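Asks: Provided below: upload16.cif, containing mmCIF, C-alpha atoms.
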data_upload
#
loop_
_atom_site.label_atom_id
_atom_site.label_comp_id
_atom_site.auth_asym_id
_atom_site.auth_seq_id
_atom_site.Cartn_x
_atom_site.Cartn_y
_atom_site.Cartn_z
CA MET A 427 120.08 33.78 17.70
CA SER A 428 116.72 32.57 18.96
CA LYS A 429 115.49 33.39 22.45
CA ILE A 430 113.91 29.94 22.55
CA ALA A 431 115.84 27.18 24.32
CA LEU A 432 115.02 23.50 24.74
CA GLY A 433 114.22 21.86 28.03
CA THR A 434 114.99 18.15 27.77
CA VAL A 435 113.24 16.48 30.68
CA GLN A 436 110.86 14.77 28.22
CA PHE A 437 113.88 13.13 26.58
CA GLY A 438 114.56 11.20 29.76
CA VAL A 439 111.23 10.71 31.55
CA ASN A 440 107.48 10.92 31.02
CA TYR A 441 106.80 14.50 32.16
CA GLY A 442 103.99 17.03 32.36
CA VAL A 443 100.30 16.99 33.19
CA SER A 444 99.47 17.22 29.47
CA SER A 445 101.85 14.52 28.28
CA THR A 446 100.15 11.82 26.21
CA THR A 447 103.10 10.30 24.36
CA GLY A 448 105.46 9.48 27.23
CA GLN A 449 109.24 9.74 26.99
CA VAL A 450 110.49 11.02 23.63
CA GLN A 451 112.32 8.36 21.65
CA PRO A 452 115.96 8.99 20.58
CA THR A 453 115.08 9.02 16.88
CA GLU A 454 112.62 11.84 17.50
CA VAL A 455 115.13 13.64 19.74
CA ALA A 456 117.54 13.67 16.80
CA LYS A 457 114.88 15.25 14.57
CA ILE A 458 114.06 17.84 17.23
CA LEU A 459 117.70 18.83 17.70
CA SER A 460 118.33 19.02 13.96
CA TYR A 461 115.39 21.37 13.50
CA ALA A 462 116.39 23.39 16.58
CA SER A 463 119.85 23.93 15.15
CA SER A 464 118.36 25.09 11.85
CA GLN A 465 116.36 27.72 13.76
CA ASN A 466 119.37 29.09 15.68
CA ILE A 467 118.17 27.52 18.93
CA THR A 468 121.48 27.15 20.71
CA LEU A 469 120.82 26.13 24.32
CA LEU A 470 119.71 22.85 25.91
CA ASP A 471 118.70 22.50 29.54
CA THR A 472 119.12 19.13 31.22
CA ALA A 473 119.94 17.45 34.55
CA PRO A 474 121.11 14.08 35.90
CA SER A 475 117.71 13.79 37.58
CA TYR A 476 115.94 13.84 34.19
CA GLY A 477 116.13 10.09 33.77
CA ASN A 478 118.51 9.23 30.94
CA SER A 479 118.17 12.62 29.23
CA GLU A 480 121.90 13.37 29.36
CA GLN A 481 122.79 9.97 27.88
CA VAL A 482 120.24 10.44 25.10
CA LEU A 483 121.65 13.87 24.28
CA GLY A 484 125.21 12.60 24.28
CA ASN A 485 124.34 9.71 21.98
CA VAL A 486 122.42 11.91 19.54
CA GLY A 487 125.18 14.55 19.47
CA ILE A 488 125.03 18.07 20.84
CA ASN A 489 128.22 19.79 19.73
CA ASP A 490 126.19 22.61 18.14
CA PHE A 491 124.58 23.54 21.47
CA ASN A 492 125.36 25.20 24.78
CA ILE A 493 124.41 22.94 27.68
CA VAL A 494 123.07 23.82 31.12
CA THR A 495 122.93 21.00 33.66
CA LYS A 496 122.20 20.87 37.38
CA THR A 497 123.39 19.59 40.72
CA ARG A 498 121.69 16.90 42.75
CA HIS A 499 119.44 17.79 45.70
CA PHE A 500 121.50 17.54 48.87
CA ASP A 501 119.36 15.91 51.55
CA GLN A 502 121.54 16.67 54.54
CA ALA A 503 120.95 19.74 56.72
CA VAL A 504 124.61 20.81 56.53
CA ILE A 505 126.72 20.91 53.37
CA ASN A 506 130.03 19.16 54.03
CA ASP A 507 133.10 17.92 52.17
CA ASN A 508 131.20 14.83 51.03
CA SER A 509 128.69 17.11 49.31
CA ALA A 510 131.50 18.76 47.34
CA ALA A 511 132.83 15.33 46.41
CA PHE A 512 129.38 14.31 45.15
CA LEU A 513 129.29 17.51 43.10
CA VAL A 514 132.60 16.69 41.44
CA ASN A 515 131.54 13.13 40.70
CA ASP A 516 128.13 14.17 39.39
CA LEU A 517 129.54 16.74 36.98
CA ASN A 518 132.14 14.30 35.72
CA GLU A 519 129.38 11.77 35.10
CA SER A 520 127.29 14.41 33.31
CA LEU A 521 130.19 15.37 31.06
CA LYS A 522 130.77 11.69 30.30
CA SER A 523 127.09 11.12 29.47
CA LEU A 524 126.87 14.29 27.39
CA LYS A 525 130.20 13.49 25.69
CA GLN A 526 131.41 17.02 26.39
CA ARG A 527 134.50 18.50 27.98
CA SER A 528 132.65 21.50 29.34
CA VAL A 529 129.17 22.95 29.71
CA TYR A 530 127.76 26.45 29.51
CA GLY A 531 126.28 26.46 32.99
CA VAL A 532 125.62 24.49 36.13
CA LEU A 533 122.58 25.36 38.23
CA VAL A 534 122.18 24.45 41.87
CA HIS A 535 118.95 22.50 41.38
CA ASN A 536 117.57 23.13 44.85
CA ALA A 537 118.12 26.78 45.78
CA ASP A 538 117.59 25.98 49.45
CA ASP A 539 120.87 24.04 49.37
CA LEU A 540 122.59 27.42 49.04
CA LEU A 541 120.96 28.61 52.27
CA LYS A 542 122.27 25.73 54.39
CA PRO A 543 125.33 25.89 56.67
CA GLY A 544 128.40 25.03 54.61
CA ALA A 545 126.84 26.11 51.31
CA ASN A 546 130.08 27.94 50.51
CA LYS A 547 131.57 24.50 49.76
CA ILE A 548 129.18 24.12 46.82
CA ILE A 549 129.95 27.59 45.48
CA SER A 550 133.68 27.15 45.99
CA GLN A 551 133.66 23.92 44.00
CA LEU A 552 131.62 25.49 41.21
CA LYS A 553 134.06 28.42 41.11
CA ASP A 554 136.90 25.94 40.75
CA PHE A 555 135.11 24.40 37.78
CA LYS A 556 134.66 27.85 36.28
CA GLU A 557 138.34 28.72 36.72
CA GLN A 558 139.26 25.44 35.03
CA GLY A 559 137.02 26.29 32.08
CA ILE A 560 134.74 23.32 32.72
CA ILE A 561 131.73 25.60 33.19
CA SER A 562 131.12 29.16 32.03
CA LYS A 563 128.31 30.22 34.38
CA ILE A 564 127.28 29.38 37.93
CA GLY A 565 123.59 29.60 38.62
CA VAL A 566 120.57 28.49 40.59
CA SER A 567 117.07 27.23 39.88
CA ILE A 568 114.44 28.98 42.00
CA TYR A 569 110.69 28.92 42.59
CA THR A 570 109.96 32.19 44.39
CA SER A 571 111.22 35.76 44.52
CA GLY A 572 111.96 35.41 48.23
CA GLN A 573 114.07 32.33 47.65
CA LEU A 574 116.06 34.11 44.95
CA GLN A 575 116.56 37.21 47.09
CA SER A 576 117.94 35.08 49.93
CA VAL A 577 120.44 33.49 47.56
CA MET A 578 121.48 36.83 46.08
CA ASP A 579 121.96 38.28 49.57
CA ASN A 580 124.58 35.62 50.25
CA MET A 581 126.46 35.18 46.98
CA ASN A 582 126.95 36.32 43.40
CA ILE A 583 125.45 34.23 40.63
CA ASP A 584 125.79 34.42 36.85
CA LEU A 585 122.60 32.66 35.85
CA VAL A 586 119.13 31.98 37.23
CA GLN A 587 116.35 29.74 36.01
CA LEU A 588 112.90 30.70 37.24
CA PRO A 589 109.22 30.07 36.55
CA VAL A 590 107.41 32.57 34.35
CA ASN A 591 104.00 32.38 32.73
CA ILE A 592 101.46 34.79 31.35
CA LEU A 593 99.18 34.59 34.42
CA ASP A 594 101.96 35.01 37.01
CA ARG A 595 103.20 38.52 37.82
CA ARG A 596 104.95 37.78 41.10
CA LEU A 597 108.54 38.26 39.90
CA PHE A 598 107.56 41.43 38.05
CA ASP A 599 105.71 42.96 40.98
CA THR A 600 108.57 42.38 43.43
CA GLY A 601 111.00 44.15 41.11
CA MET A 602 113.14 41.03 40.89
CA PHE A 603 113.58 41.22 37.12
CA LYS A 604 115.00 44.72 37.43
CA LYS A 605 117.39 43.60 40.18
CA LEU A 606 118.64 40.73 38.08
CA SER A 607 119.18 42.99 35.10
CA LEU A 608 121.12 45.55 37.16
CA GLN A 609 123.39 42.81 38.51
CA GLY A 610 124.01 41.33 35.07
CA VAL A 611 122.42 37.97 35.91
CA GLU A 612 121.34 35.95 32.88
CA VAL A 613 117.70 34.85 33.18
CA HIS A 614 116.24 31.64 31.77
CA ALA A 615 112.46 31.30 32.02
CA ARG A 616 110.84 27.90 32.49
CA SER A 617 107.26 26.63 32.94
CA ILE A 618 105.82 29.14 30.48
CA PHE A 619 103.06 26.62 29.66
CA LEU A 620 102.61 25.64 33.33
CA GLN A 621 103.36 22.00 32.40
CA GLY A 622 100.95 22.31 29.48
CA LEU A 623 98.02 23.43 31.60
CA LEU A 624 97.73 26.79 29.84
CA LEU A 625 97.51 25.09 26.45
CA MET A 626 94.60 22.80 27.37
CA SER A 627 91.02 23.21 26.25
CA LYS A 628 88.21 23.25 28.78
CA ASP A 629 87.36 19.64 28.00
CA SER A 630 90.91 18.31 28.23
CA ARG A 631 91.85 20.05 31.49
CA PRO A 632 91.84 17.64 34.49
CA LYS A 633 88.88 18.08 36.83
CA TYR A 634 91.25 19.00 39.65
CA PHE A 635 91.70 22.42 38.05
CA SER A 636 87.97 23.19 37.93
CA ARG A 637 88.38 25.19 41.14
CA TRP A 638 89.85 27.91 38.90
CA ASP A 639 87.05 27.76 36.31
CA SER A 640 86.40 31.49 36.55
CA LEU A 641 90.03 32.18 35.62
CA TRP A 642 89.95 29.70 32.73
CA LYS A 643 86.79 31.34 31.39
CA LEU A 644 88.49 34.75 31.38
CA TRP A 645 91.61 33.23 29.81
CA HIS A 646 89.77 31.65 26.89
CA GLU A 647 87.63 34.75 26.35
CA TRP A 648 90.74 36.95 26.21
CA LEU A 649 92.40 34.63 23.71
CA PHE A 650 89.29 34.64 21.53
CA ASP A 651 88.88 38.43 21.68
CA ASN A 652 92.52 38.94 20.67
CA LYS A 653 92.51 36.22 17.98
CA LEU A 654 95.35 34.39 19.70
CA THR A 655 95.97 30.74 20.35
CA ALA A 656 97.12 29.79 23.85
CA LEU A 657 100.47 28.77 22.36
CA GLU A 658 100.95 32.14 20.65
CA ALA A 659 100.04 34.06 23.81
CA THR A 660 102.25 32.10 26.20
CA VAL A 661 105.32 32.02 23.96
CA ARG A 662 105.10 35.64 22.82
CA HIS A 663 104.60 36.88 26.37
CA ALA A 664 107.77 35.20 27.65
CA ILE A 665 109.85 36.27 24.66
CA SER A 666 108.63 39.86 25.04
CA VAL A 667 110.14 40.25 28.52
CA PRO A 668 113.43 42.10 27.89
CA GLU A 669 115.14 40.78 31.01
CA ILE A 670 114.69 37.17 29.89
CA SER A 671 117.60 35.80 27.86
CA LYS A 672 116.21 32.35 27.13
CA VAL A 673 112.72 30.87 27.16
CA LEU A 674 112.76 27.14 27.88
CA VAL A 675 110.22 24.97 26.10
CA GLY A 676 109.78 21.24 26.28
CA VAL A 677 108.51 19.32 23.28
CA ASP A 678 107.54 15.75 22.40
CA SER A 679 108.16 16.05 18.66
CA LYS A 680 109.78 18.07 15.90
CA GLU A 681 106.31 19.22 14.85
CA GLN A 682 105.65 20.66 18.31
CA LEU A 683 108.86 22.68 18.14
CA GLN A 684 107.96 23.89 14.66
CA GLY A 685 104.62 25.07 16.05
CA ILE A 686 106.32 26.94 18.88
CA VAL A 687 108.77 28.66 16.53
CA GLN A 688 105.91 29.74 14.28
CA ALA A 689 103.80 30.87 17.26
CA ALA A 690 106.64 33.06 18.52
CA ASN A 691 106.36 35.38 15.53
CA GLY A 692 103.99 38.21 16.31
CA SER A 693 102.98 40.73 18.93
CA ILE A 694 101.28 40.31 22.29
CA PRO A 695 98.68 42.73 23.67
CA THR A 696 98.75 44.02 27.22
CA ILE A 697 97.76 41.35 29.72
CA PRO A 698 94.68 42.52 31.68
CA GLU A 699 94.83 42.53 35.48
CA ILE A 700 91.87 40.14 35.71
CA LEU A 701 94.04 37.37 34.25
CA LEU A 702 96.80 37.69 36.82
CA THR A 703 97.01 35.49 39.90
CA ASP A 704 99.39 34.87 42.79
CA ASP A 705 97.71 31.64 43.84
CA THR A 706 100.62 29.28 44.53
CA ALA A 707 98.23 26.32 44.63
CA LEU A 708 97.86 26.85 40.90
CA LEU A 709 101.23 28.35 39.98
CA ASN A 710 103.42 25.77 41.75
CA PRO A 711 102.92 22.29 40.24
CA VAL A 712 104.45 20.73 43.35
CA SER A 713 101.22 21.54 45.17
CA TRP A 714 98.96 19.91 42.56
CA LYS A 715 96.96 16.84 43.57
CA ILE A 716 95.78 15.69 40.14
CA ASN A 717 94.07 12.52 41.41
CA THR A 718 91.86 14.37 43.92
#
Could I get this structure in the form of C-alpha coordinates?
Replies:
Amino acid sequence: MSKIALGTVQFGVNYGVSSTTGQVQPTEVAKILSYASSQNITLLDTAPSYGNSEQVLGNVGINDFNIVTKTRHFDQAVINDNSAAFLVNDLNESLKSLKQRSVYGVLVHNADDLLKPGANKIISQLKDFKEQGIISKIGVSIYTSGQLQSVMDNMNIDLVQLPVNILDRRLFDTGMFKKLSLQGVEVHARSIFLQGLLLMSKDSRPKYFSRWDSLWKLWHEWLFDNKLTALEATVRHAISVPEISKVLVGVDSKEQLQGIVQAANGSIPTIPEILLTDDTALLNPVSWKINT
(Lines of atoms letter the chains of each structure in order from A and count residues from 1; the text may use other names and numbers.)
(Lines give C-alpha, C1' and ligand atoms only; values in the text may rest on other atoms or scores of the structure.)
Protein backbone atom coordinates (compact mmCIF):
# COMPACT_ATOMS: atom_id res chain seq x y z
CA MET A 1 0.00 0.00 0.00
CA SER A 2 1.43 3.35 -1.03
CA LYS A 3 2.28 6.02 1.51
CA ILE A 4 1.13 8.60 -1.01
CA ALA A 5 -2.41 9.96 -0.65
CA LEU A 6 -4.31 12.42 -2.81
CA GLY A 7 -5.38 15.86 -1.69
CA THR A 8 -8.35 16.96 -3.78
CA VAL A 9 -8.67 20.71 -3.29
CA GLN A 10 -7.65 21.23 -6.95
CA PHE A 11 -10.66 19.14 -7.99
CA GLY A 12 -12.98 21.78 -6.58
CA VAL A 13 -11.18 25.13 -6.79
CA ASN A 14 -8.21 26.84 -8.42
CA TYR A 15 -5.54 26.34 -5.74
CA GLY A 16 -1.84 26.91 -5.14
CA VAL A 17 0.68 29.63 -5.91
CA SER A 18 2.07 27.50 -8.76
CA SER A 19 -1.25 26.58 -10.34
CA THR A 20 -1.45 27.43 -14.05
CA THR A 21 -4.30 25.20 -15.19
CA GLY A 22 -7.05 26.14 -12.75
CA GLN A 23 -9.59 23.67 -11.39
CA VAL A 24 -9.09 20.10 -12.60
CA GLN A 25 -11.85 18.95 -14.92
CA PRO A 26 -13.91 15.84 -14.00
CA THR A 27 -12.61 13.85 -16.96
CA GLU A 28 -9.06 14.38 -15.76
CA VAL A 29 -10.08 13.59 -12.17
CA ALA A 30 -11.32 10.21 -13.40
CA LYS A 31 -7.95 9.52 -15.05
CA ILE A 32 -6.09 10.57 -11.90
CA LEU A 33 -8.17 8.32 -9.65
CA SER A 34 -7.87 5.36 -12.01
CA TYR A 35 -4.10 5.66 -12.04
CA ALA A 36 -4.00 6.21 -8.26
CA SER A 37 -5.94 3.00 -7.71
CA SER A 38 -3.51 1.11 -9.96
CA GLN A 39 -0.63 2.33 -7.76
CA ASN A 40 -2.25 1.23 -4.47
CA ILE A 41 -2.97 4.84 -3.49
CA THR A 42 -5.93 4.30 -1.22
CA LEU A 43 -6.73 7.58 0.55
CA LEU A 44 -8.37 10.80 -0.64
CA ASP A 45 -8.48 13.99 1.42
CA THR A 46 -11.30 16.44 0.80
CA ALA A 47 -13.58 18.97 2.52
CA PRO A 48 -16.89 20.78 1.94
CA SER A 49 -14.88 24.00 1.74
CA TYR A 50 -12.98 22.72 -1.32
CA GLY A 51 -15.54 24.08 -3.76
CA ASN A 52 -17.36 21.20 -5.44
CA SER A 53 -14.58 18.68 -4.81
CA GLU A 54 -16.83 16.26 -2.91
CA GLN A 55 -19.48 16.34 -5.66
CA VAL A 56 -16.84 15.72 -8.32
CA LEU A 57 -15.45 12.77 -6.38
CA GLY A 58 -18.90 11.29 -5.82
CA ASN A 59 -19.78 11.60 -9.49
CA VAL A 60 -16.51 10.05 -10.66
CA GLY A 61 -16.77 7.18 -8.16
CA ILE A 62 -14.56 6.55 -5.15
CA ASN A 63 -15.56 3.16 -3.77
CA ASP A 64 -11.93 1.96 -4.01
CA PHE A 65 -10.71 4.69 -1.65
CA ASN A 66 -10.74 5.68 2.00
CA ILE A 67 -12.04 9.23 2.42
CA VAL A 68 -11.05 11.91 4.93
CA THR A 69 -13.25 15.00 5.05
CA LYS A 70 -13.44 17.98 7.40
CA THR A 71 -15.72 20.13 9.49
CA ARG A 72 -16.61 23.72 8.75
CA HIS A 73 -14.87 26.59 10.58
CA PHE A 74 -17.08 27.64 13.48
CA ASP A 75 -17.05 31.43 13.67
CA GLN A 76 -18.65 31.83 17.07
CA ALA A 77 -16.55 32.20 20.24
CA VAL A 78 -18.48 29.46 22.07
CA ILE A 79 -19.42 26.08 20.62
CA ASN A 80 -23.10 25.42 21.28
CA ASP A 81 -25.85 22.98 20.33
CA ASN A 82 -26.32 24.74 16.99
CA SER A 83 -22.69 23.98 16.17
CA ALA A 84 -23.31 20.27 16.75
CA ALA A 85 -26.40 20.47 14.55
CA PHE A 86 -24.34 22.09 11.78
CA LEU A 87 -21.80 19.28 12.14
CA VAL A 88 -24.48 16.63 11.67
CA ASN A 89 -25.95 18.41 8.66
CA ASP A 90 -22.54 19.02 7.08
CA LEU A 91 -21.46 15.39 7.36
CA ASN A 92 -24.76 14.18 5.97
CA GLU A 93 -24.32 16.53 3.02
CA SER A 94 -20.74 15.31 2.52
CA LEU A 95 -21.84 11.68 2.52
CA LYS A 96 -24.57 12.55 0.03
CA SER A 97 -22.13 14.38 -2.26
CA LEU A 98 -19.52 11.64 -1.97
CA LYS A 99 -22.18 8.95 -2.45
CA GLN A 100 -20.84 7.07 0.57
CA ARG A 101 -22.39 5.67 3.71
CA SER A 102 -19.28 6.26 5.78
CA VAL A 103 -15.85 7.84 5.63
CA TYR A 104 -12.46 6.89 7.02
CA GLY A 105 -11.97 10.07 9.00
CA VAL A 106 -13.32 13.49 9.87
CA LEU A 107 -10.89 16.24 10.79
CA VAL A 108 -11.81 19.34 12.74
CA HIS A 109 -10.67 21.78 10.05
CA ASN A 110 -9.83 24.62 12.43
CA ALA A 111 -7.97 23.22 15.44
CA ASP A 112 -8.74 26.37 17.43
CA ASP A 113 -12.40 25.32 17.43
CA LEU A 114 -11.36 22.53 19.81
CA LEU A 115 -9.93 25.08 22.24
CA LYS A 116 -13.15 27.09 22.56
CA PRO A 117 -15.67 26.78 25.41
CA GLY A 118 -18.13 24.02 24.55
CA ALA A 119 -15.72 22.21 22.23
CA ASN A 120 -16.73 18.95 23.91
CA LYS A 121 -19.97 19.18 21.89
CA ILE A 122 -17.98 18.77 18.68
CA ILE A 123 -16.01 15.81 20.03
CA SER A 124 -19.11 14.21 21.50
CA GLN A 125 -20.90 14.38 18.16
CA LEU A 126 -17.90 12.96 16.32
CA LYS A 127 -17.72 10.12 18.86
CA ASP A 128 -21.38 9.39 18.18
CA PHE A 129 -20.59 9.15 14.48
CA LYS A 130 -17.73 6.80 15.26
CA GLU A 131 -19.91 4.56 17.43
CA GLN A 132 -22.46 4.42 14.62
CA GLY A 133 -19.76 3.34 12.17
CA ILE A 134 -20.18 6.47 10.05
CA ILE A 135 -16.55 7.46 10.63
CA SER A 136 -13.55 5.39 11.66
CA LYS A 137 -11.20 8.09 12.96
CA ILE A 138 -11.60 11.46 14.65
CA GLY A 139 -8.88 13.95 13.93
CA VAL A 140 -7.74 17.53 13.59
CA SER A 141 -5.91 19.67 11.06
CA ILE A 142 -3.19 21.80 12.66
CA TYR A 143 -0.59 24.38 11.68
CA THR A 144 1.81 24.49 14.64
CA SER A 145 3.23 22.20 17.28
CA GLY A 146 1.83 24.42 20.02
CA GLN A 147 -1.66 24.24 18.58
CA LEU A 148 -1.47 20.45 18.40
CA GLN A 149 -0.14 20.15 21.95
CA SER A 150 -3.04 22.25 23.25
CA VAL A 151 -5.52 19.96 21.52
CA MET A 152 -3.82 16.81 22.79
CA ASP A 153 -3.79 18.20 26.34
CA ASN A 154 -7.58 18.38 26.23
CA MET A 155 -8.70 15.30 24.29
CA ASN A 156 -7.69 12.09 22.56
CA ILE A 157 -7.51 12.07 18.78
CA ASP A 158 -7.00 9.25 16.28
CA LEU A 159 -5.67 11.24 13.36
CA VAL A 160 -3.81 14.49 12.69
CA GLN A 161 -3.06 16.32 9.48
CA LEU A 162 -0.11 18.69 9.67
CA PRO A 163 2.27 20.64 7.45
CA VAL A 164 5.62 19.05 6.67
CA ASN A 165 8.25 20.03 4.15
CA ILE A 166 11.94 19.45 3.64
CA LEU A 167 12.95 22.92 4.90
CA ASP A 168 10.76 22.85 8.04
CA ARG A 169 12.04 21.05 11.13
CA ARG A 170 9.72 22.58 13.71
CA LEU A 171 7.63 19.48 14.44
CA PHE A 172 10.75 17.33 14.60
CA ASP A 173 12.62 19.66 16.94
CA THR A 174 9.73 19.92 19.42
CA GLY A 175 9.52 16.13 19.67
CA MET A 176 5.93 16.20 18.46
CA PHE A 177 6.38 13.33 16.02
CA LYS A 178 7.61 11.08 18.81
CA LYS A 179 4.66 12.07 21.01
CA LEU A 180 2.20 11.27 18.26
CA SER A 181 3.80 7.91 17.64
CA LEU A 182 3.73 6.98 21.34
CA GLN A 183 0.04 7.85 21.54
CA GLY A 184 -0.81 5.88 18.41
CA VAL A 185 -2.02 8.92 16.46
CA GLU A 186 -2.06 8.44 12.70
CA VAL A 187 -0.18 11.26 10.93
CA HIS A 188 -1.01 12.66 7.49
CA ALA A 189 1.49 15.16 6.09
CA ARG A 190 0.34 17.99 3.84
CA SER A 191 2.03 20.95 2.12
CA ILE A 192 5.16 18.97 1.28
CA PHE A 193 5.65 21.19 -1.80
CA LEU A 194 4.71 24.36 0.12
CA GLN A 195 1.91 24.99 -2.42
CA GLY A 196 4.36 24.29 -5.23
CA LEU A 197 6.88 26.88 -4.12
CA LEU A 198 9.62 24.31 -3.51
CA LEU A 199 9.23 22.95 -7.04
CA MET A 200 9.68 26.31 -8.78
CA SER A 201 12.75 27.44 -10.66
CA LYS A 202 14.40 30.74 -9.84
CA ASP A 203 12.76 32.39 -12.84
CA SER A 204 9.25 31.11 -12.15
CA ARG A 205 9.16 31.94 -8.44
CA PRO A 206 7.07 35.08 -7.68
CA LYS A 207 9.12 38.16 -6.83
CA TYR A 208 7.52 38.25 -3.38
CA PHE A 209 9.73 35.33 -2.36
CA SER A 210 12.99 37.04 -3.36
CA ARG A 211 13.47 38.03 0.28
CA TRP A 212 14.57 34.41 0.80
CA ASP A 213 16.96 34.37 -2.18
CA SER A 214 19.86 33.17 -0.05
CA LEU A 215 17.83 30.13 1.01
CA TRP A 216 16.73 29.38 -2.57
CA LYS A 217 20.35 29.55 -3.72
CA LEU A 218 21.37 26.98 -1.11
CA TRP A 219 18.35 24.83 -2.00
CA HIS A 220 19.14 24.66 -5.70
CA GLU A 221 22.85 24.10 -5.05
CA TRP A 222 22.07 21.18 -2.72
CA LEU A 223 19.74 19.63 -5.28
CA PHE A 224 22.39 19.96 -7.99
CA ASP A 225 25.17 18.53 -5.81
CA ASN A 226 23.02 15.51 -4.90
CA LYS A 227 21.69 14.98 -8.45
CA LEU A 228 18.11 15.35 -7.24
CA THR A 229 15.12 17.12 -8.69
CA ALA A 230 13.07 19.24 -6.30
CA LEU A 231 10.20 16.79 -6.75
CA GLU A 232 12.37 13.80 -5.83
CA ALA A 233 13.77 15.54 -2.75
CA THR A 234 10.45 16.78 -1.37
CA VAL A 235 8.54 13.54 -1.90
CA ARG A 236 11.29 11.22 -0.69
CA HIS A 237 11.87 13.32 2.41
CA ALA A 238 8.23 13.13 3.51
CA ILE A 239 7.93 9.42 2.75
CA SER A 240 11.13 8.71 4.68
CA VAL A 241 9.70 9.99 7.98
CA PRO A 242 8.63 6.81 9.81
CA GLU A 243 5.98 8.53 11.91
CA ILE A 244 4.11 9.72 8.82
CA SER A 245 1.42 7.31 7.62
CA LYS A 246 0.27 9.23 4.55
CA VAL A 247 1.84 11.95 2.43
CA LEU A 248 -0.79 14.14 0.78
CA VAL A 249 -0.07 15.43 -2.71
CA GLY A 250 -2.25 17.54 -4.94
CA VAL A 251 -2.08 17.15 -8.70
CA ASP A 252 -3.59 18.78 -11.78
CA SER A 253 -3.21 15.78 -14.08
CA LYS A 254 -2.58 12.05 -14.29
CA GLU A 255 0.88 12.81 -15.65
CA GLN A 256 1.73 14.85 -12.55
CA LEU A 257 0.75 11.94 -10.31
CA GLN A 258 2.81 9.56 -12.44
CA GLY A 259 5.78 11.87 -11.96
CA ILE A 260 5.30 11.92 -8.20
CA VAL A 261 5.05 8.13 -7.99
CA GLN A 262 8.24 7.77 -10.02
CA ALA A 263 10.02 10.46 -7.98
CA ALA A 264 9.18 8.65 -4.75
CA ASN A 265 11.43 5.72 -5.65
CA GLY A 266 14.90 6.30 -4.29
CA SER A 267 16.87 7.48 -1.28
CA ILE A 268 17.26 10.90 0.28
CA PRO A 269 20.54 12.20 1.74
CA THR A 270 20.73 13.94 5.09
CA ILE A 271 19.26 17.44 4.96
CA PRO A 272 21.94 19.99 5.94
CA GLU A 273 21.21 22.45 8.74
CA ILE A 274 21.74 25.43 6.42
CA LEU A 275 18.57 24.48 4.53
CA LEU A 276 16.33 24.45 7.59
CA THR A 277 14.20 27.42 8.60
CA ASP A 278 11.57 28.28 11.19
CA ASP A 279 10.47 31.46 9.43
CA THR A 280 6.68 31.34 9.61
CA ALA A 281 6.43 34.16 7.07
CA LEU A 282 7.69 31.62 4.55
CA LEU A 283 6.38 28.36 6.00
CA ASN A 284 2.77 29.48 6.57
CA PRO A 285 1.09 30.38 3.24
CA VAL A 286 -1.60 32.31 5.14
CA SER A 287 1.00 35.01 5.74
CA TRP A 288 2.00 35.33 2.07
CA LYS A 289 1.26 38.59 0.26
CA ILE A 290 1.95 37.51 -3.31
CA ASN A 291 0.88 40.81 -4.88
CA THR A 292 3.29 42.92 -2.80
Asks: In Å, how far is it from CA of Met626 in chain A to CA of Ala659 in chain A?
Replies: 13.0 Å
Asks: Do you have the CA of Gly565 in chain A-CA of Asp584 in chain A distance handy?
Replies: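 Atom-to-atom, CA of Gly565 in chain A and CA of Asp584 in chain A are spaced 5.6 Å apart.
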Asks: Within 12 Å of (105.2, 29.2, 16.0), only C-alpha atoms: residues as a list in words?
Replies: Ile430, Gln465, Leu654, Thr655, Ala656, Leu657, Glu658, Ala659, Thr660, Val661, Arg662, Glu681, Gln682, Leu683, Gln684, Gly685, Ile686, Val687, Gln688, Ala689, Ala690, Asn691 and Gly692 of chain A
Asks: Record the distance separating CA of Gly438 in chain A and CA of Gln451 in chain A, expressed in Å with one decimal.
Replies: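 Computing the Euclidean distance for CA of Gly438 in chain A and CA of Gln451 in chain A yields 8.9 Å.
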Asks: Calculated over all atoms listed in the file, which of the candidates A:Ser679, A:Gln587, A:Gln621, A:Ser671 has the smallest distance to Trp714 in chain A?
Replies: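 Between A:Ser679, A:Gln587, A:Gln621, A:Ser671, the residue approaching Trp714 in chain A most closely is A:Gln621.
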